[in-house]
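Here is the file input-v5.csv (CSV, N, CA and C atoms).
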chain,number,residue,atom,x,y,z
A,170,MET,N,-28.6,75.8,9.9
A,170,MET,CA,-28.7,74.4,9.8
A,170,MET,C,-28.2,73.9,8.5
A,171,PRO,N,-27.4,72.9,8.5
A,171,PRO,CA,-26.8,72.4,7.2
A,171,PRO,C,-27.9,71.7,6.3
A,172,ALA,N,-27.7,71.8,5.0
A,172,ALA,CA,-28.7,71.2,4.1
A,172,ALA,C,-28.5,69.7,4.2
A,173,THR,N,-29.7,69.0,4.1
A,173,THR,CA,-29.7,67.6,4.2
A,173,THR,C,-29.3,67.0,2.8
A,174,SER,N,-28.6,65.9,2.8
A,174,SER,CA,-28.2,65.3,1.6
A,174,SER,C,-29.4,64.6,0.9
A,175,PRO,N,-29.5,64.7,-0.4
A,175,PRO,CA,-30.7,64.1,-1.1
A,175,PRO,C,-30.5,62.6,-1.1
A,176,ARG,N,-31.6,61.9,-1.0
A,176,ARG,CA,-31.6,60.4,-1.1
A,176,ARG,C,-31.7,60.0,-2.6
A,177,PHE,N,-32.4,60.8,-3.3
A,177,PHE,CA,-32.6,60.6,-4.7
A,177,PHE,C,-31.5,61.4,-5.5
A,178,PRO,N,-30.9,60.9,-6.5
A,178,PRO,CA,-29.9,61.7,-7.2
A,178,PRO,C,-30.5,63.0,-7.8
A,179,PRO,N,-29.7,64.0,-7.7
A,179,PRO,CA,-30.2,65.3,-8.3
A,179,PRO,C,-30.4,65.1,-9.8
A,180,LEU,N,-31.3,66.0,-10.3
A,180,LEU,CA,-31.7,65.9,-11.7
A,180,LEU,C,-30.4,66.1,-12.6
A,181,SER,N,-29.5,66.9,-12.2
A,181,SER,CA,-28.3,67.1,-13.0
A,181,SER,C,-27.5,65.8,-13.1
A,182,ALA,N,-27.4,65.0,-12.0
A,182,ALA,CA,-26.7,63.7,-12.1
A,182,ALA,C,-27.5,62.7,-13.0
A,183,LEU,N,-28.8,62.7,-12.9
A,183,LEU,CA,-29.6,61.8,-13.7
A,183,LEU,C,-29.4,62.1,-15.2
A,184,SER,N,-29.5,63.4,-15.5
A,184,SER,CA,-29.4,63.8,-16.9
A,184,SER,C,-28.0,63.6,-17.4
A,185,LEU,N,-27.0,63.8,-16.6
A,185,LEU,CA,-25.6,63.6,-17.0
A,185,LEU,C,-25.4,62.1,-17.3
A,186,PHE,N,-25.9,61.2,-16.4
A,186,PHE,CA,-25.7,59.8,-16.6
A,186,PHE,C,-26.5,59.3,-17.8
A,187,VAL,N,-27.7,59.8,-18.0
A,187,VAL,CA,-28.5,59.4,-19.2
A,187,VAL,C,-27.8,59.7,-20.5
A,188,LEU,N,-27.2,60.9,-20.6
A,188,LEU,CA,-26.5,61.3,-21.8
A,188,LEU,C,-25.2,60.5,-22.0
A,189,LEU,N,-24.4,60.5,-20.9
A,189,LEU,CA,-23.1,59.7,-21.0
A,189,LEU,C,-23.3,58.2,-21.1
A,190,GLY,N,-24.2,57.7,-20.3
A,190,GLY,CA,-24.5,56.3,-20.4
A,190,GLY,C,-25.1,55.8,-21.7
A,191,LEU,N,-26.0,56.6,-22.3
A,191,LEU,CA,-26.5,56.2,-23.6
A,191,LEU,C,-25.5,56.3,-24.6
A,192,LEU,N,-24.6,57.3,-24.6
A,192,LEU,CA,-23.6,57.4,-25.6
A,192,LEU,C,-22.6,56.3,-25.5
A,193,GLN,N,-22.2,56.0,-24.2
A,193,GLN,CA,-21.2,54.9,-24.0
A,193,GLN,C,-21.9,53.5,-24.4
A,194,SER,N,-23.1,53.3,-24.1
A,194,SER,CA,-23.8,52.1,-24.5
A,194,SER,C,-23.8,51.9,-26.0
A,195,LEU,N,-24.1,53.0,-26.7
A,195,LEU,CA,-24.1,53.0,-28.2
A,195,LEU,C,-22.7,52.7,-28.7
A,196,ILE,N,-21.7,53.3,-28.1
A,196,ILE,CA,-20.3,53.0,-28.5
A,196,ILE,C,-20.0,51.5,-28.3
A,197,TRP,N,-20.5,51.0,-27.1
A,197,TRP,CA,-20.3,49.6,-26.8
A,197,TRP,C,-20.9,48.7,-27.8
A,198,ILE,N,-22.1,49.0,-28.2
A,198,ILE,CA,-22.9,48.1,-29.1
A,198,ILE,C,-22.2,48.1,-30.5
A,199,ARG,N,-21.8,49.3,-30.9
A,199,ARG,CA,-21.1,49.4,-32.2
A,199,ARG,C,-19.7,48.7,-32.2
A,200,LEU,N,-19.0,48.9,-31.1
A,200,LEU,CA,-17.7,48.2,-31.0
A,200,LEU,C,-17.8,46.7,-30.9
A,201,ALA,N,-18.8,46.2,-30.2
A,201,ALA,CA,-19.0,44.8,-30.2
A,201,ALA,C,-19.4,44.2,-31.5
A,202,PHE,N,-20.2,45.0,-32.3
A,202,PHE,CA,-20.6,44.5,-33.6
A,202,PHE,C,-19.4,44.5,-34.5
A,203,TYR,N,-18.6,45.5,-34.5
A,203,TYR,CA,-17.4,45.5,-35.4
A,203,TYR,C,-16.3,44.6,-35.0
A,204,LEU,N,-16.1,44.4,-33.8
A,204,LEU,CA,-15.1,43.4,-33.3
A,204,LEU,C,-15.5,42.0,-33.3
A,205,GLY,N,-16.9,41.8,-33.2
A,205,GLY,CA,-17.4,40.4,-33.2
A,205,GLY,C,-17.3,39.7,-31.9
A,206,SER,N,-17.1,40.5,-30.8
A,206,SER,CA,-17.1,40.0,-29.4
A,206,SER,C,-18.0,40.9,-28.6
A,207,GLN,N,-18.1,40.5,-27.3
A,207,GLN,CA,-19.0,41.2,-26.5
A,207,GLN,C,-18.4,42.5,-25.9
A,208,CYS,N,-17.1,42.6,-25.8
A,208,CYS,CA,-16.4,43.7,-25.3
A,208,CYS,C,-16.9,44.1,-23.9
A,209,ALA,N,-16.9,43.1,-23.0
A,209,ALA,CA,-17.4,43.2,-21.7
A,209,ALA,C,-16.6,44.2,-20.8
A,210,TRP,N,-15.4,44.5,-21.3
A,210,TRP,CA,-14.5,45.4,-20.5
A,210,TRP,C,-15.2,46.8,-20.5
A,211,MET,N,-16.1,47.1,-21.4
A,211,MET,CA,-16.8,48.4,-21.5
A,211,MET,C,-17.7,48.6,-20.2
A,212,ALA,N,-18.0,47.5,-19.5
A,212,ALA,CA,-18.7,47.6,-18.3
A,212,ALA,C,-17.9,48.4,-17.2
A,213,LEU,N,-16.6,48.3,-17.3
A,213,LEU,CA,-15.8,49.0,-16.3
A,213,LEU,C,-15.9,50.5,-16.6
A,214,VAL,N,-15.9,50.8,-17.9
A,214,VAL,CA,-16.0,52.3,-18.3
A,214,VAL,C,-17.3,52.8,-17.9
A,215,LEU,N,-18.4,52.0,-18.1
A,215,LEU,CA,-19.7,52.4,-17.7
A,215,LEU,C,-19.8,52.6,-16.2
A,216,GLY,N,-19.2,51.7,-15.4
A,216,GLY,CA,-19.2,51.9,-13.9
A,216,GLY,C,-18.5,53.1,-13.5
A,217,VAL,N,-17.4,53.5,-14.1
A,217,VAL,CA,-16.7,54.7,-13.7
A,217,VAL,C,-17.6,55.9,-14.1
A,218,THR,N,-18.2,55.8,-15.3
A,218,THR,CA,-19.1,56.9,-15.7
A,218,THR,C,-20.3,57.1,-14.8
A,219,ALA,N,-20.9,56.1,-14.3
A,219,ALA,CA,-22.0,56.2,-13.4
A,219,ALA,C,-21.6,56.8,-12.1
A,220,ALA,N,-20.4,56.4,-11.6
A,220,ALA,CA,-19.9,57.0,-10.3
A,220,ALA,C,-19.6,58.5,-10.5
A,221,LEU,N,-18.9,58.8,-11.6
A,221,LEU,CA,-18.5,60.2,-11.8
A,221,LEU,C,-19.7,61.1,-12.0
A,222,SER,N,-20.7,60.6,-12.7
A,222,SER,CA,-21.9,61.4,-13.0
A,222,SER,C,-22.6,61.7,-11.7
A,223,LEU,N,-22.7,60.8,-10.8
A,223,LEU,CA,-23.3,61.1,-9.5
A,223,LEU,C,-22.4,62.0,-8.7
A,224,ARG,N,-21.1,61.9,-8.7
A,224,ARG,CA,-20.3,62.8,-8.0
A,224,ARG,C,-20.3,64.2,-8.5
A,225,LEU,N,-20.2,64.3,-9.8
A,225,LEU,CA,-20.2,65.6,-10.5
A,225,LEU,C,-21.6,66.2,-10.4
A,226,GLY,N,-22.6,65.4,-10.4
A,226,GLY,CA,-24.0,65.9,-10.3
A,226,GLY,C,-24.4,66.4,-8.9
A,227,GLY,N,-23.5,66.2,-7.9
A,227,GLY,CA,-23.8,66.8,-6.6
A,227,GLY,C,-24.4,65.9,-5.6
A,228,MET,N,-24.5,64.6,-5.8
A,228,MET,CA,-25.1,63.7,-4.8
A,228,MET,C,-24.1,63.5,-3.7
A,229,ALA,N,-24.6,63.5,-2.5
A,229,ALA,CA,-23.7,63.4,-1.3
A,229,ALA,C,-23.2,62.0,-1.3
A,230,ARG,N,-22.0,61.8,-0.7
A,230,ARG,CA,-21.3,60.5,-0.6
A,230,ARG,C,-22.1,59.7,0.4
A,231,GLY,N,-21.9,58.4,0.2
A,231,GLY,CA,-22.5,57.4,1.2
A,231,GLY,C,-23.1,56.2,0.4
A,232,THR,N,-23.8,55.4,1.2
A,232,THR,CA,-24.3,54.2,0.6
A,232,THR,C,-25.3,54.4,-0.5
A,233,ALA,N,-26.1,55.5,-0.4
A,233,ALA,CA,-27.1,55.7,-1.4
A,233,ALA,C,-26.4,56.0,-2.8
A,234,ARG,N,-25.4,56.8,-2.8
A,234,ARG,CA,-24.7,57.0,-4.0
A,234,ARG,C,-24.0,55.8,-4.6
A,235,MET,N,-23.5,54.9,-3.7
A,235,MET,CA,-23.0,53.6,-4.2
A,235,MET,C,-24.1,52.8,-4.8
A,236,LEU,N,-25.2,52.7,-4.2
A,236,LEU,CA,-26.3,51.9,-4.7
A,236,LEU,C,-26.8,52.4,-6.0
A,237,TRP,N,-26.9,53.7,-6.1
A,237,TRP,CA,-27.4,54.3,-7.4
A,237,TRP,C,-26.4,54.1,-8.5
A,238,ALA,N,-25.1,54.2,-8.2
A,238,ALA,CA,-24.1,53.9,-9.2
A,238,ALA,C,-24.1,52.5,-9.7
A,239,VAL,N,-24.3,51.6,-8.8
A,239,VAL,CA,-24.4,50.2,-9.2
A,239,VAL,C,-25.7,49.9,-10.0
A,240,ALA,N,-26.8,50.6,-9.6
A,240,ALA,CA,-28.0,50.4,-10.4
A,240,ALA,C,-27.9,51.0,-11.8
A,241,PHE,N,-27.3,52.2,-11.9
A,241,PHE,CA,-27.1,52.8,-13.2
A,241,PHE,C,-26.2,51.9,-14.1
A,242,THR,N,-25.2,51.3,-13.5
A,242,THR,CA,-24.3,50.5,-14.2
A,242,THR,C,-25.0,49.2,-14.7
A,243,ALA,N,-25.8,48.6,-13.8
A,243,ALA,CA,-26.5,47.4,-14.2
A,243,ALA,C,-27.5,47.7,-15.3
A,244,ILE,N,-28.2,48.8,-15.3
A,244,ILE,CA,-29.1,49.2,-16.3
A,244,ILE,C,-28.4,49.4,-17.6
A,245,GLY,N,-27.2,50.1,-17.6
A,245,GLY,CA,-26.4,50.3,-18.8
A,245,GLY,C,-25.9,49.0,-19.4
A,246,VAL,N,-25.5,48.1,-18.5
A,246,VAL,CA,-25.0,46.8,-19.0
A,246,VAL,C,-26.1,46.0,-19.7
A,247,ALA,N,-27.3,46.0,-19.1
A,247,ALA,CA,-28.4,45.3,-19.6
A,247,ALA,C,-28.8,46.0,-21.0
A,248,TRP,N,-28.8,47.3,-21.0
A,248,TRP,CA,-29.2,48.0,-22.3
A,248,TRP,C,-28.2,47.7,-23.4
A,249,ALA,N,-26.9,47.7,-23.1
A,249,ALA,CA,-25.9,47.4,-24.1
A,249,ALA,C,-26.0,46.0,-24.6
A,250,ASN,N,-26.2,45.0,-23.6
A,250,ASN,CA,-26.2,43.6,-24.1
A,250,ASN,C,-27.5,43.4,-24.9
A,251,TRP,N,-28.6,44.0,-24.6
A,251,TRP,CA,-29.8,43.9,-25.4
A,251,TRP,C,-29.5,44.5,-26.8
A,252,GLY,N,-28.9,45.6,-26.8
A,252,GLY,CA,-28.5,46.2,-28.1
A,252,GLY,C,-27.6,45.4,-29.0
A,253,ILE,N,-26.6,44.7,-28.3
A,253,ILE,CA,-25.7,43.9,-29.0
A,253,ILE,C,-26.5,42.7,-29.7
A,254,VAL,N,-27.4,42.1,-29.0
A,254,VAL,CA,-28.1,41.0,-29.5
A,254,VAL,C,-29.0,41.5,-30.6
A,255,VAL,N,-29.7,42.6,-30.4
A,255,VAL,CA,-30.6,43.2,-31.4
A,255,VAL,C,-29.8,43.5,-32.7
A,256,LEU,N,-28.7,44.1,-32.6
A,256,LEU,CA,-27.9,44.5,-33.8
A,256,LEU,C,-27.4,43.2,-34.5
A,257,GLN,N,-26.9,42.3,-33.8
A,257,GLN,CA,-26.4,41.0,-34.4
A,257,GLN,C,-27.5,40.3,-35.1
A,258,MET,N,-28.7,40.2,-34.5
A,258,MET,CA,-29.8,39.5,-35.1
A,258,MET,C,-30.4,40.3,-36.3
A,259,GLY,N,-30.4,41.6,-36.2
A,259,GLY,CA,-30.8,42.4,-37.3
A,259,GLY,C,-29.9,42.2,-38.5
A,260,ALA,N,-28.6,42.2,-38.3
A,260,ALA,CA,-27.7,42.0,-39.4
A,260,ALA,C,-27.8,40.6,-40.0
A,261,THR,N,-28.0,39.6,-39.2
A,261,THR,CA,-28.1,38.2,-39.6
A,261,THR,C,-29.4,38.1,-40.5
A,262,MET,N,-30.5,38.7,-40.0
A,262,MET,CA,-31.8,38.5,-40.7
A,262,MET,C,-32.0,39.5,-41.8
A,263,GLY,N,-31.2,40.5,-41.9
A,263,GLY,CA,-31.3,41.5,-43.0
A,263,GLY,C,-32.4,42.5,-42.7
A,264,VAL,N,-32.6,42.8,-41.4
A,264,VAL,CA,-33.6,43.8,-41.1
A,264,VAL,C,-33.0,44.9,-40.3
A,265,THR,N,-33.7,46.0,-40.1
A,265,THR,CA,-33.1,47.1,-39.3
A,265,THR,C,-33.1,46.7,-37.8
A,266,PRO,N,-32.3,47.4,-37.1
A,266,PRO,CA,-32.3,47.1,-35.6
A,266,PRO,C,-33.6,47.4,-35.0
A,267,GLN,N,-34.4,48.3,-35.4
A,267,GLN,CA,-35.7,48.6,-34.9
A,267,GLN,C,-36.7,47.4,-35.1
A,268,GLU,N,-36.6,46.9,-36.3
A,268,GLU,CA,-37.5,45.7,-36.6
A,268,GLU,C,-37.0,44.5,-35.8
A,269,SER,N,-35.7,44.3,-35.7
A,269,SER,CA,-35.1,43.2,-34.9
A,269,SER,C,-35.5,43.3,-33.5
A,270,ALA,N,-35.5,44.5,-32.9
A,270,ALA,CA,-35.9,44.7,-31.5
A,270,ALA,C,-37.3,44.3,-31.2
A,271,VAL,N,-38.2,44.6,-32.2
A,271,VAL,CA,-39.6,44.2,-32.0
A,271,VAL,C,-39.8,42.7,-32.2
A,272,LYS,N,-39.1,42.1,-33.1
A,272,LYS,CA,-39.3,40.7,-33.3
A,272,LYS,C,-38.6,39.8,-32.3
A,273,LEU,N,-37.6,40.3,-31.7
A,273,LEU,CA,-36.7,39.5,-30.8
A,273,LEU,C,-37.4,39.3,-29.5
A,274,GLY,N,-37.6,38.0,-29.1
A,274,GLY,CA,-38.2,37.7,-27.8
A,274,GLY,C,-37.2,37.7,-26.7
A,275,ALA,N,-37.6,37.7,-25.4
A,275,ALA,CA,-36.7,37.7,-24.3
A,275,ALA,C,-36.0,36.3,-24.2
A,276,HIS,N,-36.7,35.2,-24.5
A,276,HIS,CA,-36.0,33.9,-24.4
A,276,HIS,C,-34.9,33.8,-25.4
A,277,LEU,N,-35.2,34.2,-26.6
A,277,LEU,CA,-34.2,34.1,-27.7
A,277,LEU,C,-33.0,35.0,-27.4
A,278,ALA,N,-33.3,36.2,-26.9
A,278,ALA,CA,-32.2,37.1,-26.5
A,278,ALA,C,-31.3,36.6,-25.4
A,279,LEU,N,-31.9,36.0,-24.4
A,279,LEU,CA,-31.1,35.4,-23.3
A,279,LEU,C,-30.3,34.2,-23.8
A,280,THR,N,-30.9,33.4,-24.7
A,280,THR,CA,-30.2,32.3,-25.2
A,280,THR,C,-29.0,32.7,-26.0
A,281,LEU,N,-29.2,33.7,-26.9
A,281,LEU,CA,-28.1,34.2,-27.7
A,281,LEU,C,-27.0,34.8,-26.9
A,282,LEU,N,-27.4,35.6,-25.9
A,282,LEU,CA,-26.5,36.2,-25.0
A,282,LEU,C,-25.7,35.2,-24.2
A,283,GLY,N,-26.3,34.1,-23.7
A,283,GLY,CA,-25.6,33.1,-23.0
A,283,GLY,C,-24.6,32.4,-23.9
A,284,LEU,N,-25.0,32.2,-25.2
A,284,LEU,CA,-24.0,31.5,-26.1
A,284,LEU,C,-22.8,32.4,-26.4
A,285,ALA,N,-23.0,33.7,-26.4
A,285,ALA,CA,-22.0,34.6,-26.8
A,285,ALA,C,-21.1,35.1,-25.7
A,286,THR,N,-21.5,34.8,-24.4
A,286,THR,CA,-20.8,35.3,-23.3
A,286,THR,C,-19.9,34.3,-22.7
A,287,ALA,N,-18.6,34.6,-22.7
A,287,ALA,CA,-17.6,33.7,-22.1
A,287,ALA,C,-17.5,33.9,-20.6
A,288,PRO,N,-16.9,33.0,-19.9
A,288,PRO,CA,-16.7,33.2,-18.4
A,288,PRO,C,-16.0,34.5,-18.1
A,289,LEU,N,-15.0,34.9,-18.9
A,289,LEU,CA,-14.3,36.1,-18.6
A,289,LEU,C,-15.2,37.3,-18.7
A,290,ASP,N,-16.1,37.2,-19.7
A,290,ASP,CA,-17.1,38.3,-19.9
A,290,ASP,C,-18.0,38.5,-18.6
A,291,TYR,N,-18.4,37.4,-18.0
A,291,TYR,CA,-19.2,37.4,-16.8
A,291,TYR,C,-18.4,38.1,-15.7
A,292,VAL,N,-17.1,37.8,-15.6
A,292,VAL,CA,-16.3,38.4,-14.6
A,292,VAL,C,-16.1,39.9,-14.8
A,293,LEU,N,-15.9,40.3,-16.1
A,293,LEU,CA,-15.8,41.7,-16.4
A,293,LEU,C,-17.1,42.5,-16.1
A,294,LEU,N,-18.2,41.9,-16.4
A,294,LEU,CA,-19.5,42.5,-16.2
A,294,LEU,C,-19.7,42.7,-14.7
A,295,ALA,N,-19.4,41.7,-13.9
A,295,ALA,CA,-19.6,41.8,-12.4
A,295,ALA,C,-18.5,42.8,-11.9
A,296,LEU,N,-17.3,42.8,-12.5
A,296,LEU,CA,-16.3,43.8,-12.0
A,296,LEU,C,-16.7,45.2,-12.3
A,297,GLY,N,-17.5,45.4,-13.4
A,297,GLY,CA,-18.0,46.8,-13.7
A,297,GLY,C,-18.9,47.3,-12.6
A,298,LEU,N,-19.7,46.4,-12.0
A,298,LEU,CA,-20.6,46.8,-10.8
A,298,LEU,C,-19.7,47.1,-9.6
A,299,VAL,N,-18.7,46.3,-9.4
A,299,VAL,CA,-17.8,46.5,-8.2
A,299,VAL,C,-17.0,47.9,-8.4
A,300,VAL,N,-16.6,48.1,-9.6
A,300,VAL,CA,-15.9,49.4,-9.9
A,300,VAL,C,-16.8,50.6,-9.7
A,301,ALA,N,-18.1,50.4,-10.0
A,301,ALA,CA,-19.1,51.5,-9.8
A,301,ALA,C,-19.2,51.8,-8.3
A,302,ALA,N,-19.3,50.7,-7.5
A,302,ALA,CA,-19.5,50.8,-6.1
A,302,ALA,C,-18.3,51.5,-5.5
A,303,ILE,N,-17.1,51.1,-5.8
A,303,ILE,CA,-15.9,51.6,-5.2
A,303,ILE,C,-15.7,53.1,-5.7
A,304,ALA,N,-15.9,53.3,-6.9
A,304,ALA,CA,-15.7,54.7,-7.4
A,304,ALA,C,-16.7,55.7,-6.9
A,305,ALA,N,-17.8,55.2,-6.5
A,305,ALA,CA,-18.9,56.1,-6.0
A,305,ALA,C,-18.8,56.4,-4.5
A,306,ARG,N,-17.8,55.8,-3.8
A,306,ARG,CA,-17.7,56.0,-2.3
A,306,ARG,C,-17.6,57.4,-2.0
Would it be possible to restate this file's structure as structure tokens?
Amino acid sequence: MPATSPRFPPLSALSLFVLLGLLQSLIWIRLAFYLGSQCAWMALVLGVTAALSLRLGGMARGTARMLWAVAFTAIGVAWANWGIVVLQMGATMGVTPQESAVKLGAHLALTLLGLATAPLDYVLLALGLVVAAIAAR
């Protein structure tokens, strides 16, 4: 009898994405800080990373793998955008990023993110989710 495909990503895929996704998010945050823009094109890189980590981690192809890749990408995009706002506010206020993250509220973070995000950035962020879905097929 053939083995059934797992619905939940294997532990190897989860750990691979956590390591690669965290590293890429940190690179995205630093790049955005140094360039002074959001660098939304990094969402495309994160989408490909999510799809490849699930593929290389051994998850069977199908709708479940596509949904997990999109979810991983969305989490990575949210994490990176939060980090960008935290780092920018910390630099502006003269505090460490850890102190800025504690002091920064959700309303202020969303306001600052809305002010810093151009229409092209929204398109690139959404395109990152589409790339994750297509690459995970």
Q | Pairwise distance for atom C of A:Leu204 and atom C of A:Gly274, rounded to one decimal in Å | A |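 Distance reported for this atom pair: 23.1 Å.
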Counting all atoms listed in the file, the residue among A:Val239, A:Ala220, A:Leu281, A:Val300 that lies closest to A:Val254 is A:Leu281
In the coordinate frame of the file, compute which residues have an atom within 6 Å of (-22.9, 55.5, -10.5) when using only C-alpha atoms, and state them as a PDB file with N, CA and C atoms, in the coordinates of the input.
ATOM      1  N   ALA A 219     -20.900  56.100 -14.300  1.00  0.00           N
ATOM      2  CA  ALA A 219     -22.000  56.200 -13.400  1.00  0.00           C
ATOM      3  C   ALA A 219     -21.600  56.800 -12.100  1.00  0.00           C
ATOM      4  N   ALA A 220     -20.400  56.400 -11.600  1.00  0.00           N
ATOM      5  CA  ALA A 220     -19.900  57.000 -10.300  1.00  0.00           C
ATOM      6  C   ALA A 220     -19.600  58.500 -10.500  1.00  0.00           C
ATOM      7  N   LEU A 223     -22.700  60.800 -10.800  1.00  0.00           N
ATOM      8  CA  LEU A 223     -23.300  61.100  -9.500  1.00  0.00           C
ATOM      9  C   LEU A 223     -22.400  62.000  -8.700  1.00  0.00           C
ATOM     10  N   TRP A 237     -26.900  53.700  -6.100  1.00  0.00           N
ATOM     11  CA  TRP A 237     -27.400  54.300  -7.400  1.00  0.00           C
ATOM     12  C   TRP A 237     -26.400  54.100  -8.500  1.00  0.00           C
ATOM     13  N   ALA A 238     -25.100  54.200  -8.200  1.00  0.00           N
ATOM     14  CA  ALA A 238     -24.100  53.900  -9.200  1.00  0.00           C
ATOM     15  C   ALA A 238     -24.100  52.500  -9.700  1.00  0.00           C
ATOM     16  N   VAL A 239     -24.300  51.600  -8.800  1.00  0.00           N
ATOM     17  CA  VAL A 239     -24.400  50.200  -9.200  1.00  0.00           C
ATOM     18  C   VAL A 239     -25.700  49.900 -10.000  1.00  0.00           C
ATOM     19  N   PHE A 241     -27.300  52.200 -11.900  1.00  0.00           N
ATOM     20  CA  PHE A 241     -27.100  52.800 -13.200  1.00  0.00           C
ATOM     21  C   PHE A 241     -26.200  51.900 -14.100  1.00  0.00           C
ATOM     22  N   ALA A 301     -18.100  50.400 -10.000  1.00  0.00           N
ATOM     23  CA  ALA A 301     -19.100  51.500  -9.800  1.00  0.00           C
ATOM     24  C   ALA A 301     -19.200  51.800  -8.300  1.00  0.00           C
TER      25      ALA A 301
END
* Which is closer to A:Gly226 than all the others in A:Leu183, A:Val214, A:Leu188, A:Ala249, using all atoms listed in the file? ->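 Comparing A:Leu183, A:Val214, A:Leu188, A:Ala249 against A:Gly226, the winner is A:Leu183.
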Counting only N, CA and C atoms, closest pick from A:Ala182, A:Leu279, A:Ala243, A:Leu294 relative to A:Leu221 is A:Ala182
